[in-house]
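Enquirer: One structure is given below, represented as structure tokens, and several questions about it will come after.
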Amino acid sequence: PGVGPLGAMKILLQIHDMKRFQSMDELCCYVGLIPKMYGSGEKMITGKLSKRGRKDIKIMLIEASWVAVRKDPALTSRFNKLTVRMNKNKAIIRIAKNLLNRIRHILTHKIEYEIGVVS
């Protein structure tokens with residue numbers, strides 16, 4: 001839910017082969033769904049979203065996440081749990097990462113998306 005034909009084509013054209021990413025962290029870095037990190041010694045500060053990555057995919061995933069939160073009960077539940085401890089904008093970034101993980105799973109295993117399945 002939330003990813004239409006145009007969004008799916010953007011993902012397929014820009015990412016092309018999901019198998020080239022060994023981990024979900026590499027895929028998130030490629031898309032740009034990672035925070036800026038500042039560190040000095042033992043102190044690490046996490047900032048806002050990085051400006052690196054594929055901006056159009058990142059924006060599309062965040063917008064699709066708002067739709068997916070309304071339509072998928074599993075994502076709605078996760079979003080509600082996240083909003084207890086953080087604001088909605090930060091929570092939707094986590095949902096976008098979760099949605100990207102689901103897209104990765106669908107494309108690597110060549111299966112259909114099931115609404116309501118907890119990942």
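Following the order of the structure tokens, chains are lettered A, B, ..., residues in each are numbered from 1, and ligands are numbered from 1.
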What lies within 8 Å of A:Ser65 using only C-alpha atoms, ignoring chain neighbours under 5 positions off, as a list in words?
Expert: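 In the requested form, the answer reads Gly2, Ile92, Ile95, Ala96 and Leu99 of chain A.
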Enquirer: As a PyMOL selection string, please: every residue in stretch 2-80 of chain A that DSSP puts in helix (DSSP H, G or I).
Expert: chain A and resi 5-15+18-20+24-31+55-71+73-80
Enquirer: Determine, counting only C-alpha atoms, which protein, DNA and RNA residues have an atom within 10 Å of an atom of A:Gly32; residues of the same chain fewer than 4 positions away are not included. Present the result as number ranges by chain.
Expert: A: 26-28, 49-59
Enquirer: Work out how far atom CA of A:Met86 is from atom CA of A:Ser23, in Å to one decimal.
Expert: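 Distance reported for this atom pair: 25.8 Å.
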Enquirer: Pull the closest atom pair for each residue of stretch 11-86 of chain A that gets at most 12 Å from stretch 100-114 of chain A, along with the distance in Å to one decimal, counting only C-alpha atoms, ordering rows by chain and then ascending residue number, as a Markdown table.
Expert:
| residue | atom | partner | partner_atom | distance |
| --- | --- | --- | --- | --- |
| A:Ile11 | CA | A:Ile103 | CA | 9.2 |
| A:Leu12 | CA | A:Leu107 | CA | 9.2 |
| A:Ile15 | CA | A:Arg104 | CA | 10.1 |
| A:His16 | CA | A:Leu107 | CA | 9.9 |
| A:Asp17 | CA | A:Thr108 | CA | 8.6 |
| A:Met18 | CA | A:Arg104 | CA | 6.5 |
| A:Lys19 | CA | A:Thr108 | CA | 7.1 |
| A:Arg20 | CA | A:Thr108 | CA | 10.7 |
| A:Phe21 | CA | A:Arg104 | CA | 9.7 |
| A:Gln22 | CA | A:Arg104 | CA | 11.3 |
| A:Ser23 | CA | A:Asn101 | CA | 10.0 |
| A:Met24 | CA | A:Asn101 | CA | 6.9 |
| A:Asp25 | CA | A:Asn101 | CA | 9.9 |
| A:Glu26 | CA | A:Asn101 | CA | 11.4 |
| A:Leu27 | CA | A:Leu100 | CA | 8.5 |
| A:Cys28 | CA | A:Leu100 | CA | 8.0 |
| A:Cys29 | CA | A:Leu100 | CA | 11.7 |
| A:Tyr30 | CA | A:Leu100 | CA | 11.5 |
| A:Val31 | CA | A:Leu100 | CA | 9.3 |
| A:Gly32 | CA | A:Leu100 | CA | 11.4 |
| A:Leu33 | CA | A:Leu100 | CA | 9.6 |
| A:Ile57 | CA | A:Leu100 | CA | 10.0 |
| A:Lys58 | CA | A:Leu100 | CA | 9.7 |
| A:Met60 | CA | A:Leu100 | CA | 10.8 |
| A:Leu61 | CA | A:Leu100 | CA | 7.4 |
| A:Ile62 | CA | A:Leu100 | CA | 9.9 |
| A:Ala64 | CA | A:Leu100 | CA | 10.3 |
| A:Ser65 | CA | A:Leu100 | CA | 9.5 |
| A:Ala68 | CA | A:Arg102 | CA | 11.7 |
| A:Lys71 | CA | A:Glu114 | CA | 11.6 |
| A:Asp72 | CA | A:Glu114 | CA | 9.2 |
| A:Pro73 | CA | A:Glu114 | CA | 10.9 |
| A:Ala74 | CA | A:Glu114 | CA | 10.4 |
| A:Leu75 | CA | A:Arg102 | CA | 11.1 |
Enquirer: Write out, as a short mmCIF file (atom, residue, chain, number, x, y, z; two decimals), in the first residue's frame, the residues just selected, with N, CA, C and O atoms.
Expert:
data_model
loop_
_atom_site.label_atom_id
_atom_site.label_comp_id
_atom_site.auth_asym_id
_atom_site.auth_seq_id
_atom_site.Cartn_x
_atom_site.Cartn_y
_atom_site.Cartn_z
N ILE A 11 11.62 2.73 -8.24
CA ILE A 11 12.46 1.84 -7.44
C ILE A 11 13.18 0.84 -8.33
O ILE A 11 14.39 0.62 -8.20
N LEU A 12 12.45 0.21 -9.25
CA LEU A 12 13.07 -0.80 -10.11
C LEU A 12 14.14 -0.20 -11.02
O LEU A 12 15.18 -0.82 -11.25
N ILE A 15 17.19 1.20 -8.41
CA ILE A 15 17.88 0.18 -7.60
C ILE A 15 18.27 -1.01 -8.47
O ILE A 15 19.32 -1.60 -8.29
N HIS A 16 17.46 -1.35 -9.41
CA HIS A 16 17.68 -2.41 -10.40
C HIS A 16 17.80 -3.80 -9.78
O HIS A 16 16.93 -4.61 -9.95
N ASP A 17 18.86 -4.09 -9.09
CA ASP A 17 19.09 -5.43 -8.55
C ASP A 17 19.30 -5.34 -7.04
O ASP A 17 20.30 -4.80 -6.58
N MET A 18 18.37 -5.89 -6.28
CA MET A 18 18.46 -5.84 -4.81
C MET A 18 19.61 -6.69 -4.28
O MET A 18 20.09 -6.45 -3.18
N LYS A 19 20.05 -7.65 -5.04
CA LYS A 19 21.09 -8.56 -4.56
C LYS A 19 22.46 -7.90 -4.45
O LYS A 19 23.36 -8.44 -3.84
N ARG A 20 22.61 -6.71 -5.04
CA ARG A 20 23.90 -6.02 -4.94
C ARG A 20 24.11 -5.38 -3.57
O ARG A 20 25.20 -4.97 -3.25
N PHE A 21 23.04 -5.32 -2.76
CA PHE A 21 23.15 -4.80 -1.40
C PHE A 21 23.20 -5.99 -0.44
O PHE A 21 22.26 -6.76 -0.35
N GLN A 22 24.31 -6.12 0.29
CA GLN A 22 24.47 -7.25 1.20
C GLN A 22 23.56 -7.14 2.41
O GLN A 22 23.15 -8.14 2.97
N SER A 23 23.28 -5.91 2.85
CA SER A 23 22.48 -5.74 4.05
C SER A 23 21.45 -4.62 3.84
O SER A 23 21.53 -3.85 2.89
N MET A 24 20.53 -4.57 4.78
CA MET A 24 19.52 -3.52 4.75
C MET A 24 20.14 -2.15 5.00
O MET A 24 19.69 -1.15 4.45
N ASP A 25 21.21 -2.11 5.79
CA ASP A 25 21.90 -0.84 6.05
C ASP A 25 22.49 -0.25 4.78
O ASP A 25 22.43 0.96 4.56
N GLU A 26 23.05 -1.10 3.92
CA GLU A 26 23.61 -0.61 2.65
C GLU A 26 22.51 -0.04 1.76
O GLU A 26 22.71 0.98 1.11
N LEU A 27 21.35 -0.71 1.75
CA LEU A 27 20.23 -0.22 0.94
C LEU A 27 19.71 1.11 1.50
O LEU A 27 19.43 2.03 0.73
N CYS A 28 19.62 1.22 2.81
CA CYS A 28 19.17 2.48 3.43
C CYS A 28 20.16 3.61 3.14
O CYS A 28 19.74 4.75 2.93
N CYS A 29 21.44 3.32 3.13
CA CYS A 29 22.46 4.32 2.78
C CYS A 29 22.29 4.76 1.34
O CYS A 29 22.39 5.95 1.03
N TYR A 30 22.05 3.81 0.44
CA TYR A 30 21.89 4.12 -0.97
C TYR A 30 20.68 5.03 -1.19
O TYR A 30 20.74 5.99 -1.96
N VAL A 31 19.58 4.74 -0.50
CA VAL A 31 18.36 5.53 -0.66
C VAL A 31 18.48 6.85 0.09
O VAL A 31 17.95 7.86 -0.36
N GLY A 32 19.16 6.86 1.22
CA GLY A 32 19.32 8.08 1.99
C GLY A 32 18.46 8.13 3.24
O GLY A 32 18.19 9.19 3.78
N LEU A 33 18.02 6.98 3.71
CA LEU A 33 17.19 6.92 4.92
C LEU A 33 18.04 6.69 6.16
O LEU A 33 17.72 5.87 7.02
N ILE A 57 13.54 8.65 -4.57
CA ILE A 57 13.07 7.41 -3.93
C ILE A 57 12.78 7.66 -2.46
O ILE A 57 11.79 7.16 -1.92
N LYS A 58 13.64 8.44 -1.81
CA LYS A 58 13.46 8.72 -0.39
C LYS A 58 12.14 9.45 -0.16
O LYS A 58 11.35 9.06 0.71
N MET A 60 9.51 9.52 -2.16
CA MET A 60 8.41 8.64 -2.53
C MET A 60 8.13 7.63 -1.42
O MET A 60 6.98 7.35 -1.08
N LEU A 61 9.18 7.08 -0.80
CA LEU A 61 8.99 6.11 0.28
C LEU A 61 8.36 6.75 1.51
O LEU A 61 7.51 6.13 2.17
N ILE A 62 8.75 7.96 1.83
CA ILE A 62 8.17 8.64 2.99
C ILE A 62 6.69 8.94 2.74
O ILE A 62 5.84 8.71 3.62
N ALA A 64 4.74 7.32 0.65
CA ALA A 64 4.05 6.02 0.61
C ALA A 64 3.85 5.46 2.01
O ALA A 64 2.86 4.76 2.26
N SER A 65 4.75 5.80 2.91
CA SER A 65 4.62 5.32 4.29
C SER A 65 3.41 5.92 4.98
O SER A 65 2.74 5.25 5.77
N ALA A 68 0.60 3.87 3.70
CA ALA A 68 0.68 2.50 4.22
C ALA A 68 0.26 2.43 5.68
O ALA A 68 -0.34 1.44 6.11
N LYS A 71 -3.45 2.09 5.72
CA LYS A 71 -4.08 0.92 5.08
C LYS A 71 -3.62 -0.43 5.61
O LYS A 71 -4.34 -1.41 5.48
N ASP A 72 -2.42 -0.52 6.15
CA ASP A 72 -1.89 -1.79 6.60
C ASP A 72 -1.94 -1.85 8.14
O ASP A 72 -1.29 -1.06 8.81
N PRO A 73 -2.71 -2.79 8.70
CA PRO A 73 -2.84 -2.85 10.16
C PRO A 73 -1.52 -3.11 10.90
O PRO A 73 -1.32 -2.58 11.99
N ALA A 74 -0.63 -3.89 10.31
CA ALA A 74 0.65 -4.16 10.97
C ALA A 74 1.49 -2.89 11.05
O ALA A 74 2.11 -2.61 12.09
N LEU A 75 1.52 -2.12 9.98
CA LEU A 75 2.27 -0.86 9.99
C LEU A 75 1.60 0.19 10.87
O LEU A 75 2.28 1.00 11.50
#
Enquirer: Between atom CA of A:Phe79 and atom CA of A:Arg94, what is the distance, to one decimal in Å?
Expert: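 Distance between the two atoms: 8.4 Å.
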Enquirer: Using the chain letters and numbers from this document, which residues of stretch 16-116 of chain A does DSSP assign to strand (DSSP E), as a list in words?
Expert: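 Filtering stretch 16-116 of chain A to strand (DSSP E) leaves Pro35, Lys36, Met37, Tyr38, Gly39, Ser40, Lys43, Met44, Ile45, Thr46, Gly47, Lys48 and Leu49 of chain A.
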Enquirer: With only C-alpha atoms as the basis for distance, which of A:Arg70, A:Gly47, A:Lys10, A:Val84 is at the shortest distance from A:Pro35?
Expert: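 Once distances to A:Pro35 are computed over only C-alpha atoms, the minimum belongs to A:Gly47.
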Enquirer: How far is it from atom CA of A:Lys97 to atom CA of A:Arg85, in Å with one decimal?
Expert: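 Atom CA of A:Arg85 lies at a distance of 17.5 Å from atom CA of A:Lys97.
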